[in-house]
>>> print(open('structure_19.cif').read())   # mmCIF, C-alpha atoms and all ligand atoms
data_query
#
loop_
_atom_site.label_atom_id
_atom_site.label_comp_id
_atom_site.auth_asym_id
_atom_site.auth_seq_id
_atom_site.Cartn_x
_atom_site.Cartn_y
_atom_site.Cartn_z
CA MET J 485 -35.55 -58.87 212.77
CA THR J 486 -34.29 -61.32 215.32
CA ILE J 487 -30.87 -62.25 216.61
CA ALA J 488 -30.00 -65.91 216.06
CA VAL J 489 -30.26 -67.53 219.47
CA ASP J 490 -28.35 -70.60 220.57
CA ARG J 491 -30.43 -73.32 222.18
CA PRO J 492 -29.75 -73.74 225.92
CA PRO J 493 -29.00 -77.29 227.15
CA ASP J 494 -31.74 -79.67 228.12
CA VAL J 495 -30.80 -79.45 231.81
CA ASP J 496 -33.03 -77.46 234.12
CA LEU J 497 -32.43 -73.71 233.83
CA SER J 498 -35.82 -72.77 235.23
CA SER J 499 -36.25 -70.21 237.98
CA ILE J 500 -35.65 -71.37 241.57
CA LYS J 501 -38.53 -70.08 243.68
CA THR J 502 -37.45 -71.10 247.20
CA VAL J 503 -34.37 -72.49 248.94
CA LYS J 504 -36.07 -75.91 248.93
CA GLN J 505 -35.88 -75.96 245.13
CA VAL J 506 -32.10 -75.41 245.05
CA PRO J 507 -30.51 -78.48 243.38
CA TYR J 508 -28.97 -80.84 245.91
CA THR J 509 -26.16 -82.03 243.63
CA GLU J 510 -22.82 -80.24 243.93
CA TYR J 511 -20.45 -79.72 240.98
CA PHE J 512 -17.96 -77.65 243.03
CA VAL J 513 -17.04 -79.76 246.05
CA SER J 514 -14.40 -79.95 248.79
CA GLY J 515 -10.73 -80.07 247.88
CA HIS J 516 -9.95 -76.39 247.59
CA ARG J 517 -7.82 -74.22 249.86
CA THR J 518 -9.62 -70.92 250.00
CA CYS J 519 -9.72 -68.97 253.29
CA GLN J 520 -12.41 -69.68 255.86
CA GLY J 521 -15.51 -67.61 255.02
CA CYS J 522 -14.39 -66.99 251.42
CA GLU J 523 -17.47 -65.81 249.54
CA SER J 524 -15.69 -66.06 246.18
CA ALA J 525 -15.62 -69.86 246.69
CA LEU J 526 -19.32 -69.77 247.58
CA VAL J 527 -19.91 -67.97 244.28
CA MET J 528 -18.18 -70.84 242.45
CA ARG J 529 -20.39 -73.34 244.25
CA TYR J 530 -23.53 -71.43 243.30
CA ILE J 531 -22.43 -71.14 239.67
CA ALA J 532 -21.86 -74.89 239.40
CA LYS J 533 -25.12 -75.76 241.16
CA ALA J 534 -27.18 -73.42 238.97
CA ALA J 535 -25.57 -74.45 235.67
CA GLY J 536 -25.60 -78.21 236.20
CA PRO J 537 -23.57 -80.99 234.55
CA ARG J 538 -23.62 -79.90 230.87
CA THR J 539 -21.16 -77.10 231.58
CA ILE J 540 -17.57 -76.12 230.80
CA VAL J 541 -15.97 -73.64 233.23
CA LEU J 542 -12.99 -71.46 232.27
CA GLY J 543 -11.22 -69.72 235.13
CA SER J 544 -8.99 -66.69 234.91
CA THR J 545 -5.91 -66.44 237.16
CA GLY J 546 -6.66 -65.32 240.71
CA CYS J 547 -7.71 -66.81 244.05
CA MET J 548 -10.35 -68.95 242.36
CA TYR J 549 -7.69 -70.50 240.14
CA VAL J 550 -4.76 -70.77 242.51
CA ALA J 551 -6.54 -71.82 245.70
CA ASN J 552 -8.94 -74.08 243.81
CA THR J 553 -6.57 -76.10 241.70
CA SER J 554 -3.50 -77.05 243.68
CA TYR J 555 -1.44 -79.75 241.99
CA TYR J 556 -3.46 -82.96 241.56
CA THR J 557 -6.52 -81.63 243.38
CA THR J 558 -9.60 -79.80 242.20
CA PRO J 559 -13.07 -79.16 243.59
CA TRP J 560 -14.53 -78.95 240.05
CA VAL J 561 -16.68 -81.88 239.00
CA VAL J 562 -17.49 -80.37 235.59
CA PRO J 563 -14.70 -79.78 232.99
CA TRP J 564 -12.58 -76.82 234.07
CA MET J 565 -9.69 -75.03 232.38
CA HIS J 566 -7.43 -72.21 233.48
CA THR J 567 -7.16 -69.15 231.26
CA GLN J 568 -4.86 -66.15 231.57
CA LEU J 569 -5.53 -63.20 233.81
CA GLY J 570 -7.51 -60.80 231.64
CA ALA J 571 -8.69 -63.46 229.19
CA ALA J 572 -12.14 -64.47 230.51
CA GLY J 573 -13.97 -62.68 227.69
CA SER J 574 -11.85 -64.12 224.90
CA ALA J 575 -11.83 -67.59 226.51
CA ALA J 576 -15.63 -67.61 226.74
CA LEU J 577 -16.04 -66.45 223.15
CA GLY J 578 -13.36 -68.81 221.83
CA ALA J 579 -14.76 -71.86 223.64
CA SER J 580 -18.27 -71.10 222.46
CA ALA J 581 -17.11 -70.61 218.85
CA GLY J 582 -14.90 -73.72 219.03
CA LEU J 583 -17.78 -75.90 220.21
CA LYS J 584 -19.98 -74.56 217.42
CA VAL J 585 -17.40 -75.37 214.74
CA LEU J 586 -16.72 -78.88 216.08
CA MET J 587 -20.43 -79.60 216.14
CA ARG J 588 -20.97 -78.19 212.66
CA LYS J 589 -18.17 -80.39 211.33
CA GLY J 590 -19.66 -83.42 213.05
CA LYS J 591 -16.63 -83.88 215.32
CA LEU J 592 -18.73 -83.36 218.43
CA LYS J 593 -22.28 -84.41 219.13
CA ASP J 594 -24.57 -81.50 218.34
CA GLU J 595 -25.93 -80.67 221.77
CA PRO J 596 -26.10 -77.41 223.73
CA ILE J 597 -23.34 -77.01 226.31
CA ASN J 598 -23.03 -74.16 228.82
CA VAL J 599 -19.84 -72.12 228.53
CA ILE J 600 -19.00 -70.09 231.64
CA ALA J 601 -15.82 -68.05 232.11
CA PHE J 602 -15.09 -66.36 235.41
CA CYS J 603 -12.61 -63.69 236.39
CA GLY J 604 -11.82 -61.57 239.42
CA ASP J 605 -12.14 -57.80 239.57
CA GLY J 606 -8.46 -57.41 238.70
CA GLY J 607 -8.84 -59.82 235.78
CA GLY J 608 -12.23 -58.50 234.64
CA ALA J 609 -12.86 -54.92 235.73
CA ASP J 610 -9.26 -53.87 235.03
CA MET J 611 -7.03 -56.07 232.87
CA GLY J 612 -9.65 -58.01 230.92
CA LEU J 613 -12.30 -55.34 230.43
CA SER J 614 -11.54 -55.01 226.71
CA ALA J 615 -11.89 -58.76 226.12
CA ILE J 616 -15.24 -58.85 227.95
CA SER J 617 -16.38 -55.80 226.01
CA ALA J 618 -15.45 -57.41 222.68
CA ALA J 619 -17.13 -60.69 223.64
CA LEU J 620 -20.38 -58.93 224.50
CA THR J 621 -20.66 -57.59 220.94
CA HIS J 622 -20.87 -61.16 219.53
CA ALA J 623 -24.60 -61.71 219.62
CA GLU J 624 -24.28 -64.98 217.69
CA TYR J 625 -22.61 -66.90 220.54
CA ARG J 626 -24.04 -68.17 223.81
CA PHE J 627 -21.77 -67.86 226.89
CA LEU J 628 -21.71 -66.33 230.35
CA VAL J 629 -18.85 -64.29 231.86
CA ILE J 630 -18.99 -63.96 235.64
CA LEU J 631 -16.86 -61.37 237.40
CA TYR J 632 -16.43 -62.24 241.09
CA ASP J 633 -15.56 -59.02 242.87
CA ASN J 634 -13.58 -59.31 246.11
CA GLU J 635 -12.44 -55.72 245.59
CA SER J 636 -8.71 -56.34 245.27
CA TYR J 637 -6.07 -58.40 243.48
CA ALA J 638 -6.47 -60.83 246.38
CA ASN J 639 -4.36 -63.74 245.20
CA THR J 640 -1.19 -61.66 245.02
CA ASP J 641 -1.72 -60.24 248.52
CA ILE J 642 -4.53 -57.72 248.28
CA GLN J 643 -3.40 -55.06 245.83
CA LEU J 644 -5.67 -52.17 244.96
CA SER J 645 -7.90 -52.66 241.90
CA GLY J 646 -10.33 -50.39 240.05
CA SER J 647 -13.03 -52.10 242.14
CA THR J 648 -11.48 -51.29 245.53
CA PRO J 649 -13.74 -48.89 247.47
CA TYR J 650 -12.70 -45.37 248.39
CA GLY J 651 -10.32 -45.18 251.33
CA ALA J 652 -9.76 -48.93 251.78
CA VAL J 653 -6.38 -50.11 253.00
CA THR J 654 -4.68 -52.51 250.60
CA THR J 655 -1.02 -53.44 250.26
CA PHE J 656 -0.83 -50.63 247.67
CA SER J 657 -2.76 -48.12 249.79
CA PRO J 658 -1.60 -48.33 253.42
CA THR J 659 -2.76 -45.73 255.90
CA GLY J 660 -0.05 -43.62 257.49
CA LYS J 661 0.73 -40.67 259.73
CA GLN J 662 1.29 -38.28 256.83
CA ARG J 663 -1.66 -39.46 254.80
CA ARG J 664 -4.61 -41.25 256.36
CA ILE J 665 -6.51 -41.92 253.11
CA MET J 666 -4.18 -43.23 250.44
CA HIS J 667 -6.83 -44.53 248.01
CA THR J 668 -8.91 -41.52 246.96
CA ARG J 669 -10.71 -42.87 243.86
CA TRP J 670 -14.31 -44.09 243.76
CA LYS J 671 -15.08 -47.70 242.78
CA LYS J 672 -15.48 -48.19 239.04
CA ASN J 673 -19.04 -48.88 237.85
CA THR J 674 -18.12 -51.86 235.66
CA PRO J 675 -21.56 -53.46 235.14
CA GLY J 676 -23.11 -50.05 234.46
CA ALA J 677 -20.47 -49.35 231.81
CA LEU J 678 -21.05 -52.75 230.22
CA VAL J 679 -24.83 -52.51 230.14
CA ALA J 680 -24.77 -48.98 228.72
CA GLY J 681 -22.27 -49.81 225.99
CA HIS J 682 -23.29 -53.24 224.67
CA PRO J 683 -26.71 -53.15 223.01
CA ASP J 684 -26.39 -56.71 221.67
CA ALA J 685 -25.65 -58.33 225.04
CA ALA J 686 -28.45 -60.77 225.83
CA TYR J 687 -28.28 -60.52 229.61
CA ILE J 688 -26.29 -58.37 232.08
CA ALA J 689 -26.82 -58.38 235.85
CA THR J 690 -25.32 -57.67 239.22
CA ALA J 691 -25.52 -60.08 242.15
CA ASP J 692 -24.25 -60.55 245.70
CA ALA J 693 -23.01 -63.78 247.27
CA ALA J 694 -25.29 -63.19 250.28
CA TYR J 695 -28.35 -63.49 248.01
CA GLY J 696 -27.73 -67.03 246.76
CA VAL J 697 -31.07 -67.82 245.14
CA ASP J 698 -31.12 -64.49 243.31
CA PHE J 699 -27.59 -65.16 242.04
CA MET J 700 -28.33 -68.73 240.92
CA ASN J 701 -31.43 -67.56 239.06
CA LYS J 702 -29.34 -64.91 237.33
CA VAL J 703 -26.78 -67.55 236.29
CA ARG J 704 -29.63 -69.57 234.79
CA LYS J 705 -31.13 -66.55 233.05
CA GLY J 706 -27.75 -65.66 231.57
CA LEU J 707 -27.29 -69.21 230.26
CA ALA J 708 -30.83 -69.40 228.93
CA SER J 709 -30.63 -66.00 227.23
CA GLY J 710 -29.21 -67.55 224.08
CA GLY J 711 -26.49 -64.93 223.60
CA PRO J 712 -23.57 -63.21 225.34
CA ALA J 713 -24.24 -62.68 229.06
CA PHE J 714 -22.37 -61.07 231.95
CA ILE J 715 -22.87 -61.06 235.73
CA HIS J 716 -20.89 -58.94 238.22
CA VAL J 717 -21.15 -60.49 241.69
CA LEU J 718 -19.87 -58.87 244.90
CA ASP J 719 -18.27 -61.33 247.34
CA PRO J 720 -16.76 -60.36 250.71
CA CYS J 721 -13.17 -61.54 251.31
CA PRO J 722 -12.25 -61.98 255.00
CA LYS J 723 -8.53 -61.74 254.31
CA GLY J 724 -8.59 -58.62 252.18
CA TRP J 725 -11.40 -56.83 253.99
CA HIS J 726 -10.04 -57.77 257.47
CA TYR J 727 -13.05 -59.13 259.32
CA ASP J 728 -14.08 -62.22 261.25
CA PRO J 729 -15.03 -64.88 258.63
CA GLN J 730 -18.36 -65.49 260.33
CA LEU J 731 -19.47 -62.00 259.14
CA SER J 732 -19.23 -62.80 255.42
CA HIS J 733 -22.95 -63.24 254.88
CA GLU J 734 -23.89 -60.24 257.02
CA LEU J 735 -21.48 -57.96 255.17
CA GLY J 736 -22.77 -59.13 251.80
CA LYS J 737 -26.29 -58.17 252.87
CA LEU J 738 -25.18 -54.84 254.34
CA ALA J 739 -23.51 -53.88 251.06
CA VAL J 740 -26.97 -53.92 249.47
CA GLU J 741 -28.91 -52.63 252.47
CA THR J 742 -26.68 -49.54 252.71
CA GLY J 743 -27.13 -48.92 248.96
CA ILE J 744 -23.39 -49.22 248.30
CA TRP J 745 -24.04 -52.19 245.98
CA SER J 746 -27.17 -52.45 243.83
CA LEU J 747 -28.96 -55.54 242.57
CA TRP J 748 -30.29 -55.24 239.03
CA GLU J 749 -30.57 -57.07 235.73
CA MET J 750 -30.94 -56.21 232.06
CA GLU J 751 -33.20 -58.74 230.38
CA ASP J 752 -34.81 -58.36 226.96
CA HIS J 753 -33.04 -54.97 226.74
CA VAL J 754 -34.85 -53.62 229.79
CA VAL J 755 -33.18 -52.84 233.14
CA LYS J 756 -34.96 -53.96 236.34
CA LEU J 757 -33.91 -53.28 239.92
CA ASN J 758 -34.18 -56.41 242.08
CA GLY J 759 -34.94 -57.36 245.68
CA THR J 760 -33.74 -55.03 248.43
CA THR J 761 -32.44 -52.50 245.89
CA ARG J 762 -35.89 -52.27 244.32
CA ALA J 763 -37.50 -51.98 247.76
CA ILE J 764 -35.19 -49.06 248.66
CA ALA J 765 -35.74 -47.32 245.32
CA SER J 766 -39.51 -47.58 245.64
CA GLY J 767 -39.51 -46.34 249.25
CA ARG J 768 -40.58 -49.69 250.75
CA ALA J 769 -37.26 -50.04 252.62
CA LYS J 770 -34.88 -47.51 254.14
CA ARG J 771 -31.20 -47.43 253.30
CA LYS J 772 -28.96 -48.20 256.29
CA PRO J 773 -26.05 -45.83 257.07
CA VAL J 774 -22.84 -46.88 255.28
CA ARG J 775 -21.04 -46.82 258.64
CA GLU J 776 -22.83 -50.04 259.65
CA TYR J 777 -21.06 -51.80 256.79
CA LEU J 778 -17.69 -50.01 256.79
CA ALA J 779 -17.03 -50.04 260.54
CA GLN J 780 -17.02 -53.85 260.66
CA GLN J 781 -14.08 -54.09 258.27
CA GLY J 782 -10.44 -53.60 259.23
CA ARG J 783 -9.65 -52.07 255.84
CA PHE J 784 -11.62 -49.00 256.98
CA ALA J 785 -10.39 -49.02 260.62
CA HIS J 786 -8.52 -45.72 260.04
CA PHE J 787 -11.75 -43.91 259.03
CA LYS J 788 -12.73 -40.80 261.00
CA ASP J 789 -16.16 -39.19 261.04
CA GLU J 790 -15.27 -37.01 258.06
CA ASP J 791 -14.35 -40.11 256.02
CA TYR J 792 -17.64 -41.85 256.83
CA ASP J 793 -19.46 -38.62 255.93
CA LEU J 794 -17.73 -38.36 252.57
CA PHE J 795 -18.47 -42.01 251.79
CA GLN J 796 -22.12 -41.53 252.77
CA ARG J 797 -22.41 -38.45 250.55
CA ARG J 798 -21.04 -40.33 247.54
CA VAL J 799 -23.49 -43.21 248.08
CA ASP J 800 -26.36 -40.74 248.55
CA GLU J 801 -25.41 -39.26 245.18
CA GLN J 802 -25.78 -42.70 243.59
CA TRP J 803 -29.39 -42.63 244.74
CA THR J 804 -30.21 -38.99 244.06
CA ASN J 805 -28.12 -37.92 241.05
CA TRP J 806 -27.76 -41.10 238.99
CA LEU J 807 -30.28 -41.78 236.26
CA ILE J 808 -30.95 -45.24 237.71
CA PRO J 809 -29.77 -45.80 241.33
CA GLY J 810 -26.54 -47.76 241.33
CA VAL J 811 -26.76 -48.51 237.58
CA VAL J 812 -26.29 -45.47 235.32
CA SER J 813 -23.69 -43.20 236.90
CA PHE J 814 -24.91 -39.88 235.50
CA GLY J 815 -28.07 -37.83 235.55
CA ILE J 816 -29.74 -35.91 232.73
CA GLU J 817 -30.45 -32.23 232.27
CA ALA J 818 -34.01 -31.29 233.23
CA GLY J 819 -36.22 -31.06 230.16
CA THR J 820 -34.07 -33.37 228.04
CA PRO J 821 -36.40 -35.27 225.71
CA LEU J 822 -36.31 -38.99 226.42
CA ASN J 823 -37.05 -41.88 224.10
CA MET J 824 -40.53 -43.16 224.75
CA PRO J 825 -41.24 -46.82 224.05
CA THR J 826 -43.61 -47.16 221.08
CA GLN J 827 -45.71 -50.12 220.02
CA SER J 828 -44.38 -49.99 216.48
CA ALA J 829 -40.63 -49.80 217.22
CA PRO J 830 -38.97 -53.09 216.21
CA ALA J 831 -36.84 -54.67 218.93
CA VAL J 832 -33.83 -55.09 216.64
CA SER J 833 -33.39 -53.98 213.05
CA GLU J 834 -32.07 -56.96 211.14
CA ALA J 835 -31.01 -60.55 211.61
CA ILE J 836 -27.41 -61.29 212.49
CA SER J 837 -26.26 -64.25 210.44
CA GLU J 838 -24.15 -67.08 211.75
CA SER J 839 -20.50 -66.31 211.13
CA VAL J 840 -19.02 -69.76 211.56
C1 LIG Y 901 -0.57 -60.94 233.06
C2 LIG Y 901 -0.44 -61.24 234.51
N1 LIG Y 901 -0.08 -60.28 235.38
C3 LIG Y 901 0.02 -60.54 236.70
C4 LIG Y 901 -0.23 -61.82 237.16
C5 LIG Y 901 -0.09 -62.11 238.64
N2 LIG Y 901 -1.37 -62.36 239.24
C6 LIG Y 901 -1.89 -63.59 239.43
S1 LIG Y 901 -3.35 -63.61 240.20
C7 LIG Y 901 -3.35 -61.92 240.32
C8 LIG Y 901 -4.47 -61.23 241.02
C9 LIG Y 901 -5.78 -61.30 240.29
O1 LIG Y 901 -6.75 -60.50 240.94
P1 LIG Y 901 -8.28 -60.72 240.65
O2 LIG Y 901 -8.51 -60.89 239.21
O3 LIG Y 901 -9.03 -59.65 241.32
O4 LIG Y 901 -8.59 -62.15 241.32
P2 LIG Y 901 -8.45 -62.49 242.90
O5 LIG Y 901 -7.04 -62.93 243.11
O6 LIG Y 901 -8.80 -61.29 243.66
O7 LIG Y 901 -9.39 -63.62 243.12
C10 LIG Y 901 -2.20 -61.37 239.75
C11 LIG Y 901 -1.88 -59.93 239.70
C12 LIG Y 901 -0.57 -62.82 236.21
N3 LIG Y 901 -0.85 -64.08 236.57
N4 LIG Y 901 -0.69 -62.51 234.91
S1 LIG Y 902 -7.93 -64.01 249.90
FE1 LIG Y 902 -10.15 -63.57 249.83
S2 LIG Y 902 -10.84 -64.29 247.80
FE2 LIG Y 902 -8.82 -65.19 248.19
S3 LIG Y 902 -9.26 -67.23 249.05
FE3 LIG Y 902 -9.00 -65.78 250.78
S4 LIG Y 902 -11.06 -65.01 251.27
FE4 LIG Y 902 -11.14 -65.99 249.23
MG MG Y 903 -10.09 -59.72 243.15
#
>>> encode(input="structure_19.cif", output="structure tokens")
Amino acid sequence: MTIAVDRPPDVDLSSIKTVKQVPYTEYFVSGHRTCQGCESALVMRYIAKAAGPRTIVLGSTGCMYVANTSYYTTPWVVPWMHTQLGAAGSAALGASAGLKVLMRKGKLKDEPINVIAFCGDGGGADMGLSAISAALTHAEYRFLVILYDNESYANTDIQLSGSTPYGAVTTFSPTGKQRRIMHTRWKKNTPGALVAGHPDAAYIATADAAYGVDFMNKVRKGLASGGPAFIHVLDPCPKGWHYDPQLSHELGKLAVETGIWSLWEMEDHVVKLNGTTRAIASGRAKRKPVREYLAQQGRFAHFKDEDYDLFQRRVDEQWTNWLIPGVVSFGIEAGTPLNMPTQSAPAVSEAISESV
């Protein structure tokens, strides 16, 4: 049985092989007021470039709404609409369903249109997780939710989110004389939770703003997948992470090179590690010490050796104890029988009919 797949638009969603093949045309231009070195804004630019002109973008409240759409100005060239903090999943699903109904009733030309909804980590990994989860169960609709992760509620002055790393200083977790480490919880594994729990999602991936071509290709794969898709992209924030804006790209790379952030994708119901993450996992590259990444950021300036050591141990565990490094945050008991892929097993058991 097959899941009904929506046709992707006739614009180019093919894989970009080299930087020279990146489309020249911009659909996210100047006219925004994000901080210098803001990688979240770069993520928006990549999204728009990769998706092209036949696209509707829905943006949840956060820096990428507030700083991007000051009164009477906008950097968006494609149609853009604000949606509530926590509503990216429902906005994506609703827009996709709405377009389908209008086309079926003949009120809109029947043509494939990309629907992309973005949210921050506060809006997606915390407040809007249930809406994203619900949306990813609707295999009959084609849309892409992109969570841009700057690791805090940045727009409202850097409050701690479920995506904030262990020990980081935020306005909710200041360091002090009595207590050096105020934030003692480990970063939530949002994409791992989503990939493990949503068997009908068509495409789920992680990305990093420092790996632009990889990210743009993932945006295209998500849009071309024909069903519900989700990408979690890490993007350094000079204001919240307290570093010189010129280090944005370097820090994005270090997040992957230290193994703190992993690059992977689930396509056709199979998980693949990508790029540097794959090279580390297969022994072709060595993980860098987490200190190289953490020590360049003011939010970890209070760290002592013991704090770096603890952080390193937790990251090591991601690579030694997790079933898939950086993806599935548990191991399995030795000797546990595992499902083996068989030639005869059908991919999916029965067709899902159109519900609108
Ligand atoms: C329901 C609701 N609660 C609180 C707010 C205030 N608010 C606006 S933006 C924001 C931060 C959002 O953080 P995140 O989603 O991580 O996006 P970022 O600002 O980091 O880009 C908050 C708390 C709001 N707009 N709506
Ligand atoms: S606070 Fe961070 S995410 Fe927000 S505009 Fe500035 S750099 Fe970008
Ligand atoms: Mg945020």
>>> residues_near_ligand(input="structure_19.cif", ligand="ligand MG 903 (chain Y)", cutoff="8 Å", atoms="only C-alpha atoms and all ligand atoms", output="list in words")
Gly546, Cys547, Gly604, Asp605, Gly606, Gly607, Tyr632, Asp633, Asn634, Glu635, Ser636, Tyr637, Ala638, Asn639, Ile642 and Ser645 of chain J
>>> closest_atom_pairs(input="structure_19.cif", of="segment 600-665 of chain J", to="segment 675-685 of chain J", cutoff="9 Å", atoms="only C-alpha atoms", output="Markdown table")
| residue | atom | partner | partner_atom | distance |
| --- | --- | --- | --- | --- |
| J:Ala609 | CA | J:Pro675 | CA | 8.8 |
| J:Ile616 | CA | J:Leu678 | CA | 8.7 |
| J:Ser617 | CA | J:Leu678 | CA | 7.0 |
| J:Ala619 | CA | J:Ala685 | CA | 9.0 |
| J:Leu620 | CA | J:Ala685 | CA | 5.3 |
| J:Thr621 | CA | J:Asp684 | CA | 5.8 |
| J:His622 | CA | J:Asp684 | CA | 7.4 |
| J:Ala623 | CA | J:Asp684 | CA | 5.7 |
>>> closest_residue(input="structure_19.cif", among="J:Arg626, J:His566, J:Arg798, J:Lys788", to="Asn598 of chain J", atoms="only C-alpha atoms")
J:Arg626
>>> axis_aligned_box(input="structure_19.cif", around="segment 509-526 of chain J", padding_each_side="8 Å", output="lines of an AutoDock Vina configuration file")
center_x = -17.0
center_y = -73.9
center_z = 248.4
size_x = 34.3
size_y = 32.2
size_z = 30.9
>>> residues_near_ligand(input="structure_19.cif", ligand="ligand LIG 902 (chain Y)", cutoff="12 Å", atoms="only C-alpha atoms and all ligand atoms", output="number ranges by chain")
J: 516-528, 545-553, 603-606, 632-643, 654, 718-732
>>> residues_around(input="structure_19.cif", residues="segment 776-781 of chain J", least_positions_apart="3", cutoff="10 Å", atoms="only C-alpha atoms", output="PDB file with C-alpha atoms, keeping the file's coordinate frame")
ATOM      1  CA  ALA J 652      -9.760 -48.930 251.780  1.00  0.00           C
ATOM      2  CA  PRO J 722     -12.250 -61.980 255.000  1.00  0.00           C
ATOM      3  CA  GLY J 724      -8.590 -58.620 252.180  1.00  0.00           C
ATOM      4  CA  TRP J 725     -11.400 -56.830 253.990  1.00  0.00           C
ATOM      5  CA  HIS J 726     -10.040 -57.770 257.470  1.00  0.00           C
ATOM      6  CA  TYR J 727     -13.050 -59.130 259.320  1.00  0.00           C
ATOM      7  CA  ASP J 728     -14.080 -62.220 261.250  1.00  0.00           C
ATOM      8  CA  LEU J 731     -19.470 -62.000 259.140  1.00  0.00           C
ATOM      9  CA  GLU J 734     -23.890 -60.240 257.020  1.00  0.00           C
ATOM     10  CA  LEU J 735     -21.480 -57.960 255.170  1.00  0.00           C
ATOM     11  CA  GLY J 736     -22.770 -59.130 251.800  1.00  0.00           C
ATOM     12  CA  LYS J 737     -26.290 -58.170 252.870  1.00  0.00           C
ATOM     13  CA  LEU J 738     -25.180 -54.840 254.340  1.00  0.00           C
ATOM     14  CA  ALA J 739     -23.510 -53.880 251.060  1.00  0.00           C
ATOM     15  CA  VAL J 740     -26.970 -53.920 249.470  1.00  0.00           C
ATOM     16  CA  GLU J 741     -28.910 -52.630 252.470  1.00  0.00           C
ATOM     17  CA  THR J 742     -26.680 -49.540 252.710  1.00  0.00           C
ATOM     18  CA  ILE J 744     -23.390 -49.220 248.300  1.00  0.00           C
ATOM     19  CA  LYS J 772     -28.960 -48.200 256.290  1.00  0.00           C
ATOM     20  CA  PRO J 773     -26.050 -45.830 257.070  1.00  0.00           C
ATOM     21  CA  PHE J 784     -11.620 -49.000 256.980  1.00  0.00           C
ATOM     22  CA  ALA J 785     -10.390 -49.020 260.620  1.00  0.00           C
ATOM     23  CA  HIS J 786      -8.520 -45.720 260.040  1.00  0.00           C
ATOM     24  CA  PHE J 787     -11.750 -43.910 259.030  1.00  0.00           C
ATOM     25  CA  TYR J 792     -17.640 -41.850 256.830  1.00  0.00           C
ATOM     26  CA  PHE J 795     -18.470 -42.010 251.790  1.00  0.00           C
TER      27      PHE J 795
END
>>> residues_near_point(input="structure_19.cif", point="(-21.1, -50.6, 236.8)", cutoff="12 Å", atoms="only C-alpha atoms", output="PyMOL selection string")
chain J and resi 605+609+613+631+633+646-647+670-681+688-691+714-718+744-749+802+806+808-814
>>> atom_distance(input="structure_19.cif", atom1="atom CA of Met700 of chain J", atom2="atom CA of Met587 of chain J")
28.2 Å
>>> closest_residue(input="structure_19.cif", among="J:Ala581, J:Leu644, J:Ala575, J:Leu586", to="ligand LIG 901 (chain Y)", atoms="all atoms listed in the file")
J:Leu644
>>> closest_residue(input="structure_19.cif", among="J:Ser766, J:Thr804, J:Gln568, J:Ser709", to="Asp752 of chain J", atoms="all atoms listed in the file")
J:Ser709
>>> closest_residue(input="structure_19.cif", among="J:Ser614, J:Gly570, J:Arg768, J:Ile630", to="Ala532 of chain J", atoms="all atoms listed in the file")
J:Ile630
>>> closest_residue(input="structure_19.cif", among="J:Phe512, J:Met565, J:Arg762, J:Met611", to="ligand LIG 901 (chain Y)", atoms="all atoms listed in the file")
J:Met611
>>> closest_residue(input="structure_19.cif", among="J:Glu510, J:Ala576, J:Asn758, J:Gly515", to="Ile540 of chain J", atoms="all atoms listed in the file")
J:Ala576
